[in-house]
$ cat structure.cif   # mmCIF, C-alpha atoms and all ligand atoms
data_work
#
loop_
_atom_site.label_atom_id
_atom_site.label_comp_id
_atom_site.auth_asym_id
_atom_site.auth_seq_id
_atom_site.Cartn_x
_atom_site.Cartn_y
_atom_site.Cartn_z
CA MET A 1 -5.24 15.95 -44.70
CA VAL A 2 -1.50 15.66 -44.52
CA ALA A 3 -1.29 18.58 -42.10
CA SER A 4 -3.87 17.20 -39.63
CA ALA A 5 -2.23 13.76 -39.60
CA SER A 6 1.25 15.15 -39.05
CA GLN A 7 0.22 17.77 -36.50
CA PRO A 8 -0.47 15.37 -33.56
CA ARG A 9 2.71 13.53 -34.41
CA SER A 10 4.77 16.67 -34.28
CA LYS A 11 3.01 17.75 -31.07
CA HIS A 12 3.99 14.40 -29.60
CA ASN A 13 7.58 14.86 -30.78
CA VAL A 14 7.78 18.34 -29.33
CA ARG A 15 6.49 17.10 -26.00
CA GLN A 16 8.83 14.13 -25.96
CA ALA A 17 11.78 16.39 -26.72
CA TYR A 18 10.69 18.60 -23.83
CA TYR A 19 10.35 15.60 -21.46
CA ASP A 20 13.83 14.43 -22.49
CA LYS A 21 15.20 17.88 -21.79
CA ILE A 22 13.66 18.23 -18.32
CA SER A 23 14.62 14.67 -17.38
CA LYS A 24 18.27 15.76 -17.43
CA PHE A 25 17.31 18.11 -14.59
CA HIS A 26 15.48 15.28 -12.73
CA MET A 27 12.08 16.66 -13.50
CA ALA A 28 9.05 15.01 -15.08
CA PRO A 29 5.60 16.09 -16.25
CA LEU A 30 2.95 15.33 -13.63
CA TRP A 31 0.16 15.54 -16.25
CA GLU A 32 1.38 12.30 -17.85
CA VAL A 33 0.93 10.28 -14.64
CA LEU A 34 -1.64 12.24 -12.64
CA LYS A 35 -4.57 9.92 -13.33
CA ASP A 36 -2.62 6.93 -11.95
CA LEU A 37 -1.56 8.83 -8.83
CA VAL A 38 -4.82 10.44 -7.79
CA THR A 39 -7.32 7.69 -8.47
CA PRO A 40 -11.05 8.14 -7.81
CA GLU A 41 -11.02 4.84 -5.88
CA PRO A 42 -8.26 2.68 -4.33
CA LYS A 43 -6.14 0.94 -6.92
CA THR A 44 -4.26 -2.22 -5.97
CA GLU A 45 -2.11 -4.97 -7.47
CA CYS A 46 -3.08 -7.15 -4.53
CA GLN A 47 -5.42 -10.03 -5.43
CA PRO A 48 -7.81 -12.08 -3.31
CA ALA A 49 -6.10 -15.39 -2.51
CA ILE A 50 -6.27 -18.40 -0.20
CA TRP A 51 -3.59 -20.72 1.21
CA ARG A 52 -5.12 -24.05 2.21
CA PHE A 53 -3.62 -25.66 5.29
CA ASN A 54 -3.41 -29.10 3.65
CA ASP A 55 -0.95 -27.72 1.09
CA VAL A 56 0.79 -25.40 3.54
CA LYS A 57 1.42 -28.15 6.09
CA ARG A 58 2.71 -30.68 3.55
CA LEU A 59 5.08 -28.18 1.91
CA MET A 60 6.17 -26.74 5.23
CA LEU A 61 7.12 -30.16 6.65
CA GLU A 62 9.10 -30.77 3.45
CA ALA A 63 11.05 -27.58 4.22
CA GLY A 64 12.13 -29.26 7.46
CA ASP A 65 14.04 -31.78 5.26
CA VAL A 66 15.49 -29.14 2.95
CA ILE A 67 16.91 -26.73 5.53
CA SER A 68 17.44 -26.66 9.30
CA ALA A 69 16.12 -23.78 11.38
CA GLU A 70 19.73 -22.82 12.17
CA GLU A 71 20.73 -22.70 8.49
CA ALA A 72 17.60 -20.85 7.44
CA GLU A 73 17.74 -18.59 10.51
CA ARG A 74 13.93 -18.50 10.09
CA ARG A 75 12.20 -21.50 8.55
CA VAL A 76 9.37 -19.49 7.08
CA LEU A 77 7.45 -19.81 3.84
CA VAL A 78 6.26 -16.44 2.65
CA LEU A 79 2.60 -16.20 1.67
CA GLU A 80 3.11 -14.13 -1.45
CA ASN A 81 0.21 -12.29 -2.91
CA PRO A 82 -0.22 -13.65 -6.48
CA GLY A 83 -0.56 -10.06 -7.72
CA GLU A 84 2.78 -9.08 -6.15
CA THR A 85 5.03 -12.06 -6.78
CA GLY A 86 8.62 -11.66 -5.62
CA LYS A 87 7.83 -8.81 -3.24
CA ALA A 88 7.56 -10.98 -0.08
CA ARG A 89 4.23 -9.56 1.00
CA ILE A 90 0.59 -10.50 1.24
CA THR A 91 -0.72 -6.94 0.99
CA ASN A 92 1.07 -3.75 0.06
CA SER A 93 1.75 -3.00 3.73
CA LEU A 94 2.04 -6.41 5.42
CA PHE A 95 4.16 -9.52 5.27
CA ALA A 96 2.68 -12.94 6.09
CA GLY A 97 4.43 -16.27 6.40
CA ILE A 98 4.07 -19.71 7.92
CA GLN A 99 6.78 -20.64 10.41
CA LEU A 100 7.70 -24.17 11.41
CA ILE A 101 9.72 -25.08 14.46
CA LEU A 102 10.61 -28.73 14.97
CA PRO A 103 11.18 -30.42 18.35
CA GLY A 104 14.54 -29.43 19.78
CA GLU A 105 14.97 -26.34 17.62
CA ILE A 106 15.34 -22.75 18.74
CA ALA A 107 15.28 -19.41 16.94
CA GLU A 108 17.86 -17.22 18.64
CA VAL A 109 17.03 -14.00 20.46
CA HIS A 110 16.95 -10.90 18.30
CA ARG A 111 14.94 -7.72 17.78
CA HIS A 112 13.85 -5.50 14.91
CA VAL A 113 11.91 -2.33 14.26
CA ALA A 114 9.26 -4.29 12.35
CA SER A 115 6.48 -5.40 14.70
CA ALA A 116 5.37 -9.01 14.49
CA ILE A 117 2.44 -11.11 15.54
CA ARG A 118 2.15 -14.89 15.68
CA PHE A 119 -1.14 -16.66 15.34
CA VAL A 120 -0.72 -20.29 16.34
CA LEU A 121 -2.01 -22.90 13.89
CA GLU A 122 -0.97 -26.38 14.98
CA GLY A 123 1.13 -28.24 17.52
CA GLU A 124 1.81 -27.89 21.23
CA GLY A 125 4.97 -27.47 23.27
CA ALA A 126 6.68 -24.49 21.61
CA TYR A 127 7.19 -21.12 23.24
CA THR A 128 7.90 -17.56 22.26
CA ALA A 129 9.82 -15.46 24.76
CA VAL A 130 9.23 -11.71 24.52
CA GLU A 131 10.81 -9.11 26.80
CA GLY A 132 11.55 -11.65 29.51
CA GLU A 133 8.18 -13.46 29.40
CA LYS A 134 8.12 -16.97 28.07
CA THR A 135 4.69 -17.75 26.68
CA MET A 136 3.58 -21.23 25.63
CA MET A 137 1.92 -21.38 22.21
CA SER A 138 -1.43 -23.11 21.57
CA HIS A 139 -3.86 -23.16 18.65
CA GLY A 140 -5.59 -19.78 18.28
CA ASP A 141 -3.22 -17.86 20.58
CA PHE A 142 -2.38 -14.34 19.43
CA ILE A 143 1.18 -13.38 20.37
CA ILE A 144 2.64 -9.89 20.08
CA THR A 145 6.24 -8.92 19.43
CA ALA A 146 6.21 -5.14 19.36
CA ASN A 147 8.70 -2.81 17.68
CA TRP A 148 12.23 -3.49 19.06
CA ALA A 149 11.07 -6.09 21.58
CA PRO A 150 13.69 -8.85 22.06
CA HIS A 151 12.23 -12.25 21.19
CA ASP A 152 13.19 -15.87 20.67
CA HIS A 153 11.33 -19.09 19.96
CA GLY A 154 11.94 -22.68 20.96
CA ASN A 155 10.32 -26.07 20.78
CA PRO A 156 11.28 -28.31 23.70
CA GLY A 157 8.14 -30.38 22.97
CA LYS A 158 7.58 -33.51 20.93
CA GLU A 159 5.71 -32.27 17.86
CA PRO A 160 6.25 -29.77 15.04
CA VAL A 161 4.63 -26.42 15.76
CA MET A 162 3.39 -24.09 13.04
CA TRP A 163 2.15 -20.56 13.22
CA LEU A 164 1.18 -17.64 11.03
CA ASP A 165 3.62 -14.73 11.20
CA VAL A 166 2.41 -11.27 10.22
CA LEU A 167 4.87 -8.37 10.19
CA ASP A 168 4.64 -4.73 9.18
CA MET A 169 7.97 -5.08 7.35
CA PRO A 170 6.75 -3.59 4.05
CA THR A 171 5.44 -0.55 5.98
CA VAL A 172 8.72 -0.09 7.89
CA ASN A 173 10.66 -0.54 4.66
CA HIS A 174 8.41 1.93 2.87
CA PHE A 175 9.68 4.48 5.39
CA GLN A 176 13.19 2.99 5.09
CA ALA A 177 13.38 2.82 8.86
CA SER A 178 14.48 -0.78 9.44
CA PHE A 179 16.94 -1.72 12.16
CA ALA A 180 17.65 -5.18 13.55
CA ASN A 181 20.20 -6.91 15.73
CA HIS A 182 21.09 -10.18 17.40
CA PHE A 183 22.28 -10.62 20.95
CA ASP A 184 25.35 -12.49 22.20
CA GLU A 185 23.23 -15.01 24.11
CA LYS A 186 21.02 -17.50 22.29
CA MET A 187 18.04 -17.23 24.62
CA GLN A 188 16.64 -14.51 26.84
CA ASN A 189 16.76 -14.55 30.58
CA VAL A 190 13.16 -15.31 31.44
CA ASN A 191 11.94 -13.69 34.65
CA HIS A 192 8.18 -13.55 33.95
CA GLU A 193 6.12 -16.72 34.05
CA ASN A 194 3.79 -17.94 31.31
CA GLY A 195 0.69 -15.67 31.17
CA ASP A 196 2.26 -12.92 33.30
CA SER A 197 1.49 -9.90 31.09
CA PHE A 198 -2.11 -11.01 30.43
CA GLU A 199 -2.81 -11.51 34.15
CA ARG A 200 -1.00 -8.30 35.01
CA TYR A 201 -2.60 -5.96 32.47
CA ALA A 202 -5.75 -7.52 30.98
CA MET A 203 -7.87 -8.23 34.08
CA GLY A 204 -9.44 -4.79 34.58
CA VAL A 205 -6.65 -3.48 36.79
CA LEU A 206 -3.25 -2.05 35.92
CA PRO A 207 -0.07 -2.06 37.95
CA ASP A 208 -0.05 1.20 39.88
CA GLY A 209 2.02 3.73 38.00
CA ALA A 210 1.51 2.05 34.62
CA PRO A 211 1.81 4.67 31.87
CA ALA A 212 -1.51 6.27 30.89
CA THR A 213 -0.73 5.88 27.24
CA SER A 214 1.27 3.49 25.15
CA LEU A 215 1.52 2.91 21.43
CA ARG A 216 1.55 -0.85 21.94
CA THR A 217 -0.03 -3.38 24.22
CA PRO A 218 1.99 -4.70 27.15
CA VAL A 219 0.23 -8.08 26.76
CA ILE A 220 2.41 -10.70 25.09
CA ASN A 221 -0.22 -13.39 24.52
CA TYR A 222 -4.01 -13.16 24.15
CA PRO A 223 -4.77 -16.88 24.68
CA TYR A 224 -7.59 -18.41 22.64
CA SER A 225 -8.85 -20.18 25.75
CA LYS A 226 -9.66 -16.74 27.26
CA MET A 227 -11.04 -15.19 24.03
CA LYS A 228 -13.43 -17.91 22.85
CA PRO A 229 -15.77 -17.67 25.91
CA ILE A 230 -16.17 -13.92 25.20
CA LEU A 231 -17.31 -14.70 21.65
CA GLU A 232 -19.78 -17.24 23.04
CA ARG A 233 -21.16 -14.55 25.37
CA LEU A 234 -21.68 -12.16 22.46
CA LYS A 235 -23.40 -14.87 20.45
CA LYS A 236 -25.67 -15.77 23.37
CA THR A 237 -26.90 -12.21 23.82
CA GLY A 238 -27.35 -11.67 20.07
CA ASP A 239 -24.47 -9.19 19.75
CA VAL A 240 -23.77 -10.38 16.25
CA ASP A 241 -22.79 -7.82 13.61
CA LYS A 242 -24.54 -8.40 10.28
CA ARG A 243 -21.24 -8.21 8.42
CA HIS A 244 -18.62 -9.40 10.90
CA GLY A 245 -20.43 -11.76 13.28
CA ALA A 246 -19.84 -11.77 17.04
CA ARG A 247 -16.55 -9.92 16.93
CA VAL A 248 -14.03 -8.58 19.41
CA ARG A 249 -11.12 -6.27 18.73
CA TYR A 250 -7.86 -7.13 20.45
CA ALA A 251 -7.17 -4.04 22.56
CA ASN A 252 -4.26 -2.44 24.35
CA PRO A 253 -5.52 -2.52 27.98
CA VAL A 254 -3.61 0.66 28.84
CA ASN A 255 -5.67 2.95 26.57
CA GLY A 256 -8.14 0.77 24.65
CA GLY A 257 -6.25 1.40 21.41
CA PRO A 258 -5.00 -1.16 18.92
CA VAL A 259 -2.41 -3.74 20.00
CA LEU A 260 0.18 -2.16 17.72
CA PRO A 261 0.32 1.24 15.97
CA THR A 262 0.73 -0.44 12.58
CA MET A 263 -1.50 -3.52 12.90
CA GLY A 264 -4.89 -4.24 14.43
CA ALA A 265 -6.62 -7.59 14.84
CA ASN A 266 -10.05 -9.04 15.50
CA LEU A 267 -11.54 -12.38 16.44
CA ALA A 268 -15.05 -13.18 15.19
CA LEU A 269 -17.49 -16.01 15.74
CA LEU A 270 -19.81 -16.58 12.79
CA PRO A 271 -22.78 -18.57 14.10
CA LYS A 272 -23.87 -21.60 12.07
CA GLY A 273 -26.05 -20.56 9.15
CA PHE A 274 -24.55 -17.02 9.20
CA LYS A 275 -25.03 -15.14 5.92
CA GLY A 276 -22.95 -11.99 6.20
CA GLU A 277 -23.84 -8.72 4.52
CA PRO A 278 -21.26 -7.23 2.13
CA TYR A 279 -18.48 -5.07 3.51
CA ARG A 280 -15.36 -3.36 2.29
CA SER A 281 -12.71 -1.13 3.78
CA THR A 282 -9.42 0.42 2.72
CA ASP A 283 -7.35 -1.92 4.91
CA GLY A 284 -6.39 -5.08 3.01
CA THR A 285 -7.19 -7.83 5.50
CA ILE A 286 -5.64 -11.21 6.26
CA PHE A 287 -8.00 -13.85 7.67
CA CYS A 288 -7.03 -17.08 9.42
CA VAL A 289 -9.65 -19.75 10.15
CA VAL A 290 -9.54 -20.87 13.78
CA GLU A 291 -12.57 -23.15 13.81
CA GLY A 292 -15.24 -24.40 11.41
CA SER A 293 -15.69 -23.93 7.71
CA GLY A 294 -17.46 -21.55 5.36
CA THR A 295 -17.23 -19.47 2.23
CA SER A 296 -16.21 -15.87 1.64
CA VAL A 297 -17.15 -14.21 -1.61
CA ILE A 298 -14.36 -11.73 -2.33
CA ASP A 299 -14.72 -9.34 -5.26
CA GLY A 300 -17.38 -11.65 -6.71
CA LYS A 301 -15.34 -14.85 -6.37
CA PRO A 302 -16.14 -17.58 -3.80
CA PHE A 303 -13.34 -18.89 -1.56
CA GLU A 304 -14.19 -21.94 0.53
CA TRP A 305 -12.23 -22.26 3.73
CA GLY A 306 -11.57 -24.63 6.63
CA VAL A 307 -9.44 -24.73 9.80
CA ASN A 308 -6.02 -23.03 9.57
CA ASP A 309 -6.58 -21.79 6.01
CA VAL A 310 -5.35 -18.22 5.44
CA PHE A 311 -6.99 -15.89 2.96
CA VAL A 312 -6.54 -12.26 2.02
CA VAL A 313 -8.97 -9.55 0.98
CA PRO A 314 -7.32 -6.66 -0.94
CA PRO A 315 -8.07 -3.03 -0.03
CA TRP A 316 -11.56 -1.84 -0.94
CA LYS A 317 -12.64 -5.19 -2.40
CA ARG A 318 -16.13 -6.17 -1.28
CA TYR A 319 -16.49 -9.39 0.69
CA GLN A 320 -19.11 -11.35 2.55
CA HIS A 321 -18.74 -14.41 4.76
CA SER A 322 -21.17 -17.28 5.07
CA VAL A 323 -21.25 -20.40 7.19
CA THR A 324 -23.26 -23.56 6.65
CA ASP A 325 -25.63 -25.09 9.19
CA SER A 326 -23.04 -27.66 10.25
CA GLY A 327 -21.50 -25.50 13.01
CA ASP A 328 -20.10 -22.12 14.11
CA ALA A 329 -16.89 -20.79 12.61
CA VAL A 330 -14.24 -18.54 14.16
CA LEU A 331 -12.12 -16.17 12.07
CA PHE A 332 -9.04 -14.24 13.16
CA SER A 333 -8.25 -11.17 11.08
CA ILE A 334 -5.47 -8.61 10.95
CA SER A 335 -4.78 -5.50 8.89
CA ASP A 336 -3.03 -2.13 8.82
CA ARG A 337 -6.20 -0.31 9.93
CA PRO A 338 -4.59 1.45 12.96
CA ALA A 339 -1.91 2.94 10.71
CA GLN A 340 -4.51 4.20 8.23
CA GLU A 341 -6.67 5.58 11.06
CA ALA A 342 -3.69 7.40 12.56
CA LEU A 343 -3.11 9.01 9.17
CA GLY A 344 -6.81 9.84 8.77
CA ILE A 345 -7.23 7.90 5.52
CA TRP A 346 -9.19 4.79 6.62
CA ARG A 347 -12.62 4.31 5.07
CA GLU A 348 -15.25 1.59 5.12
CA GLY A 349 -18.37 0.91 3.10
CA ASN A 350 -20.66 -1.79 1.82
FE FE B 1 11.87 -11.74 14.70
#
$ encode --input "structure.cif" --output "structure tokens"
Amino acid sequence: MVASASQPRSKHNVRQAYYDKISKFHMAPLWEVLKDLVTPEPKTECQPAIWRFNDVKRLMLEAGDVISAEEAERRVLVLENPGETGKARITNSLFAGIQLILPGEIAEVHRHVASAIRFVLEGEGAYTAVEGEKTMMSHGDFIITANWAPHDHGNPGKEPVMWLDVLDMPTVNHFQASFANHFDEKMQNVNHENGDSFERYAMGVLPDGAPATSLRTPVINYPYSKMKPILERLKKTGDVDKRHGARVRYANPVNGGPVLPTMGANLALLPKGFKGEPYRSTDGTIFCVVEGSGTSVIDGKPFEWGVNDVFVVPPWKRYQHSVTDSGDAVLFSISDRPAQEALGIWREGN
């Protein structure tokens, strides 16, 4: 009796002594951690969560009283995943935040390795200038700031403007490959008019001599006013996916690939009365409601949403969208799918 009780104890002690010994040589036993490293299914700390625009707007406008854009450098509230508090990210690979720019403010020109997108929520009159093109920002516009592209923002208008920022910062920092710098001038020299890159590259022709391949789209802004009629066309002809609705993928017009190597985005119209079938994929996905209202059941929990709400679905958690009979809804979504596809690890299921 005594022997069998003491034997496991002494085995444990022997092992621990061995682990202590090898740790001095910066080695550790894989067998103690293997089951947490090679999991049979994706494991995540990320939780499903929603940020309702009513709260976001109120708190964001309060930030305007607490700190100026100049003092803050960026007046952004991070949308922190409740499962990863303090890590400044919404999924393991992506950062999301809400940015406010008040009339008369500017955010000075700078660039960074992290790629960014803006999805415009509310307000008119602000602009983002990227690589010499100044693009005006309206509700539902999808604006790209690719890796190392100089950019600045300004609001010469009369109302506060708010947008959703999504950056691949956590991915870049995972690789420890971050660089950033500011320029001497506050604003870029703008030599391309509003809409230039869309008209130049996204109309079925390309400037002669345009490169045959490119990791990132040359289009700076995919305006909602040009995207919505395409969704209506899909709806009209019944091209409605049972899980995703009438959906388009924002594409790089040079090669049909994703807009950025690290982030890919979609825009989907869910017709009124839509009851989506369940879906899941390994890319944790951020949704932003452009129009309408509905409910998404994520990992068994219902999340009701309305215009400008942002919600997140963690990797490999099952979700399904539904919309009431009161009207169509439009959902923007963005994830790290292109990065996972490039690495050959992306999977989807139901
Ligand atoms: Fe930036």
$ closest_atom_pairs --input "structure.cif" --of "chain A" --to "ligand FE 1 (chain B)" --cutoff "12 Å" --atoms "all atoms listed in the file" --output "CSV"
residue,atom,partner,partner_atom,distance
A:Glu73,CA,B:FE1,FE,9.9
A:Arg74,CA,B:FE1,FE,8.4
A:Arg75,CA,B:FE1,FE,11.5
A:Val76,CA,B:FE1,FE,11.2
A:Gln99,CA,B:FE1,FE,11.1
A:Ala107,CA,B:FE1,FE,8.7
A:Glu108,CA,B:FE1,FE,9.0
A:Val109,CA,B:FE1,FE,8.1
A:His110,CA,B:FE1,FE,6.3
A:Arg111,CA,B:FE1,FE,5.9
A:His112,CA,B:FE1,FE,6.5
A:Val113,CA,B:FE1,FE,9.4
A:Ala114,CA,B:FE1,FE,8.2
A:Ser115,CA,B:FE1,FE,8.3
A:Ala116,CA,B:FE1,FE,7.1
A:Ile117,CA,B:FE1,FE,9.5
A:Arg118,CA,B:FE1,FE,10.3
A:Thr128,CA,B:FE1,FE,10.3
A:Ala129,CA,B:FE1,FE,10.9
A:Val130,CA,B:FE1,FE,10.2
A:Ile144,CA,B:FE1,FE,10.8
A:Thr145,CA,B:FE1,FE,7.9
A:Ala146,CA,B:FE1,FE,9.9
A:Asn147,CA,B:FE1,FE,9.9
A:Trp148,CA,B:FE1,FE,9.3
A:Ala149,CA,B:FE1,FE,8.9
A:Pro150,CA,B:FE1,FE,8.1
A:His151,CA,B:FE1,FE,6.5
A:Asp152,CA,B:FE1,FE,7.4
A:His153,CA,B:FE1,FE,9.1
A:Asp165,CA,B:FE1,FE,9.4
A:Val166,CA,B:FE1,FE,10.5
A:Leu167,CA,B:FE1,FE,9.0
A:Asp168,CA,B:FE1,FE,11.5
A:Met169,CA,B:FE1,FE,10.7
A:Phe179,CA,B:FE1,FE,11.5
A:Ala180,CA,B:FE1,FE,8.8
A:Asn181,CA,B:FE1,FE,9.7
A:His182,CA,B:FE1,FE,9.7
$ atom_distance --input "structure.cif" --atom1 "atom CA of A:Ile334" --atom2 "atom CA of A:Val290"
13.2 Å
$ residues_around --input "structure.cif" --residues "A:Phe142" --least-positions-apart "2" --cutoff "6 Å" --atoms "all atoms listed in the file" --output "number ranges by chain"
A: 118-119, 221-222
$ closest_residue --input "structure.cif" --among "A:Leu100, A:Ala88, A:Ile106, A:Ala177" --to "A:Leu61" --atoms "only C-alpha atoms"
A:Leu100
$ residues_around --input "structure.cif" --residues "stretch 39-43 of chain A" --least-positions-apart "4" --cutoff "12 Å" --atoms "only C-alpha atoms" --output "PyMOL selection string"
chain A and resi 33-35+47+92+280-284+314-317+345-348
$ write_last_selection --input "structure.cif" --atoms "C-alpha atoms" --output "compact mmCIF listing (two decimals), in the coordinates of the input"
# COMPACT_ATOMS: atom_id res chain seq x y z
CA VAL A 33 0.93 10.28 -14.64
CA LEU A 34 -1.64 12.24 -12.64
CA LYS A 35 -4.57 9.92 -13.33
CA GLN A 47 -5.42 -10.03 -5.43
CA ASN A 92 1.07 -3.75 0.06
CA ARG A 280 -15.36 -3.36 2.29
CA SER A 281 -12.71 -1.13 3.78
CA THR A 282 -9.42 0.42 2.72
CA ASP A 283 -7.35 -1.92 4.91
CA GLY A 284 -6.39 -5.08 3.01
CA PRO A 314 -7.32 -6.66 -0.94
CA PRO A 315 -8.07 -3.03 -0.03
CA TRP A 316 -11.56 -1.84 -0.94
CA LYS A 317 -12.64 -5.19 -2.40
CA ILE A 345 -7.23 7.90 5.52
CA TRP A 346 -9.19 4.79 6.62
CA ARG A 347 -12.62 4.31 5.07
CA GLU A 348 -15.25 1.59 5.12
$ closest_residue --input "structure.cif" --among "A:Glu70, A:Glu193, A:Asp241, A:Asp55" --to "A:Leu270" --atoms "all atoms listed in the file"
A:Asp241
$ atom_distance --input "structure.cif" --atom1 "atom CA of A:Ser293" --atom2 "atom CA of A:Pro160"
23.9 Å
$ atom_distance --input "structure.cif" --atom1 "atom CA of A:Pro278" --atom2 "atom CA of A:Thr91"
20.6 Å
$ closest_residue --input "structure.cif" --among "A:Arg52, A:His26, A:Leu79, A:Arg216" --to "A:Glu304" --atoms "all atoms listed in the file"
A:Arg52
$ closest_residue --input "structure.cif" --among "A:Pro48, A:Gly157, A:Gly349, A:Pro29" --to "A:Ser296" --atoms "all atoms listed in the file"
A:Pro48
$ closest_residue --input "structure.cif" --among "A:Gly306, A:Gly245, A:Gly97, A:Gly64" --to "A:Glu80" --atoms "only C-alpha atoms"
A:Gly97
$ closest_residue --input "structure.cif" --among "A:Leu102, A:Val312, A:Ser326, A:Leu260" --to "A:Ala63" --atoms "only C-alpha atoms"
A:Leu102
$ residues_around --input "structure.cif" --residues "A:Pro223" --least-positions-apart "5" --cutoff "9 Å" --atoms "all atoms listed in the file" --output "PyMOL selection string"
chain A and resi 137-143+195+198+228
$ decode --input "structure.cif" --residues "stretch 324-340 of chain A" --atoms "N, CA, C and O atoms" --output "PDB file, in the first residue's frame"
ATOM      1  N   THR A 324     -35.242  39.582 -40.253  1.00  0.00           N
ATOM      2  CA  THR A 324     -36.707  39.551 -40.147  1.00  0.00           C
ATOM      3  C   THR A 324     -37.341  39.968 -41.480  1.00  0.00           C
ATOM      4  O   THR A 324     -36.630  40.287 -42.440  1.00  0.00           O
ATOM      5  N   ASP A 325     -38.668  39.995 -41.498  1.00  0.00           N
ATOM      6  CA  ASP A 325     -39.378  40.366 -42.719  1.00  0.00           C
ATOM      7  C   ASP A 325     -39.461  41.875 -42.926  1.00  0.00           C
ATOM      8  O   ASP A 325     -40.042  42.332 -43.896  1.00  0.00           O
ATOM      9  N   SER A 326     -38.843  42.644 -42.001  1.00  0.00           N
ATOM     10  CA  SER A 326     -39.011  44.100 -42.094  1.00  0.00           C
ATOM     11  C   SER A 326     -38.155  44.727 -43.208  1.00  0.00           C
ATOM     12  O   SER A 326     -38.446  45.836 -43.647  1.00  0.00           O
ATOM     13  N   GLY A 327     -37.105  44.069 -43.653  1.00  0.00           N
ATOM     14  CA  GLY A 327     -36.304  44.638 -44.746  1.00  0.00           C
ATOM     15  C   GLY A 327     -34.997  43.887 -44.931  1.00  0.00           C
ATOM     16  O   GLY A 327     -34.609  43.071 -44.091  1.00  0.00           O
ATOM     17  N   ASP A 328     -34.297  44.171 -46.051  1.00  0.00           N
ATOM     18  CA  ASP A 328     -32.999  43.543 -46.312  1.00  0.00           C
ATOM     19  C   ASP A 328     -31.966  44.075 -45.319  1.00  0.00           C
ATOM     20  O   ASP A 328     -32.125  45.152 -44.752  1.00  0.00           O
ATOM     21  N   ALA A 329     -30.896  43.312 -45.153  1.00  0.00           N
ATOM     22  CA  ALA A 329     -29.769  43.778 -44.351  1.00  0.00           C
ATOM     23  C   ALA A 329     -28.501  43.644 -45.189  1.00  0.00           C
ATOM     24  O   ALA A 329     -28.435  42.812 -46.105  1.00  0.00           O
ATOM     25  N   VAL A 330     -27.513  44.476 -44.901  1.00  0.00           N
ATOM     26  CA  VAL A 330     -26.221  44.379 -45.589  1.00  0.00           C
ATOM     27  C   VAL A 330     -25.123  44.275 -44.530  1.00  0.00           C
ATOM     28  O   VAL A 330     -25.070  45.077 -43.596  1.00  0.00           O
ATOM     29  N   LEU A 331     -24.265  43.265 -44.697  1.00  0.00           N
ATOM     30  CA  LEU A 331     -23.174  43.024 -43.751  1.00  0.00           C
ATOM     31  C   LEU A 331     -21.833  43.091 -44.474  1.00  0.00           C
ATOM     32  O   LEU A 331     -21.628  42.429 -45.489  1.00  0.00           O
ATOM     33  N   PHE A 332     -20.935  43.885 -43.913  1.00  0.00           N
ATOM     34  CA  PHE A 332     -19.533  43.889 -44.344  1.00  0.00           C
ATOM     35  C   PHE A 332     -18.804  42.887 -43.448  1.00  0.00           C
ATOM     36  O   PHE A 332     -19.124  42.769 -42.259  1.00  0.00           O
ATOM     37  N   SER A 333     -17.844  42.175 -43.993  1.00  0.00           N
ATOM     38  CA  SER A 333     -17.049  41.286 -43.136  1.00  0.00           C
ATOM     39  C   SER A 333     -15.596  41.261 -43.576  1.00  0.00           C
ATOM     40  O   SER A 333     -15.288  41.482 -44.752  1.00  0.00           O
ATOM     41  N   ILE A 334     -14.729  41.014 -42.616  1.00  0.00           N
ATOM     42  CA  ILE A 334     -13.283  41.013 -42.913  1.00  0.00           C
ATOM     43  C   ILE A 334     -12.587  40.022 -42.001  1.00  0.00           C
ATOM     44  O   ILE A 334     -12.979  39.845 -40.834  1.00  0.00           O
ATOM     45  N   SER A 335     -11.564  39.353 -42.552  1.00  0.00           N
ATOM     46  CA  SER A 335     -10.846  38.338 -41.772  1.00  0.00           C
ATOM     47  C   SER A 335      -9.440  38.148 -42.332  1.00  0.00           C
ATOM     48  O   SER A 335      -9.060  38.765 -43.331  1.00  0.00           O
ATOM     49  N   ASP A 336      -8.706  37.241 -41.710  1.00  0.00           N
ATOM     50  CA  ASP A 336      -7.339  36.936 -42.171  1.00  0.00           C
ATOM     51  C   ASP A 336      -7.315  35.770 -43.170  1.00  0.00           C
ATOM     52  O   ASP A 336      -6.267  35.156 -43.377  1.00  0.00           O
ATOM     53  N   ARG A 337      -8.450  35.484 -43.794  1.00  0.00           N
ATOM     54  CA  ARG A 337      -8.522  34.334 -44.701  1.00  0.00           C
ATOM     55  C   ARG A 337      -7.411  34.281 -45.757  1.00  0.00           C
ATOM     56  O   ARG A 337      -6.829  33.207 -45.968  1.00  0.00           O
ATOM     57  N   PRO A 338      -7.073  35.412 -46.442  1.00  0.00           N
ATOM     58  CA  PRO A 338      -6.006  35.314 -47.460  1.00  0.00           C
ATOM     59  C   PRO A 338      -4.672  34.843 -46.880  1.00  0.00           C
ATOM     60  O   PRO A 338      -3.941  34.095 -47.533  1.00  0.00           O
ATOM     61  N   ALA A 339      -4.377  35.252 -45.654  1.00  0.00           N
ATOM     62  CA  ALA A 339      -3.117  34.827 -45.038  1.00  0.00           C
ATOM     63  C   ALA A 339      -3.156  33.321 -44.772  1.00  0.00           C
ATOM     64  O   ALA A 339      -2.193  32.601 -45.063  1.00  0.00           O
ATOM     65  N   GLN A 340      -4.281  32.844 -44.253  1.00  0.00           N
ATOM     66  CA  GLN A 340      -4.400  31.402 -43.988  1.00  0.00           C
ATOM     67  C   GLN A 340      -4.364  30.596 -45.289  1.00  0.00           C
ATOM     68  O   GLN A 340      -3.755  29.523 -45.344  1.00  0.00           O
TER      69      GLN A 340
END
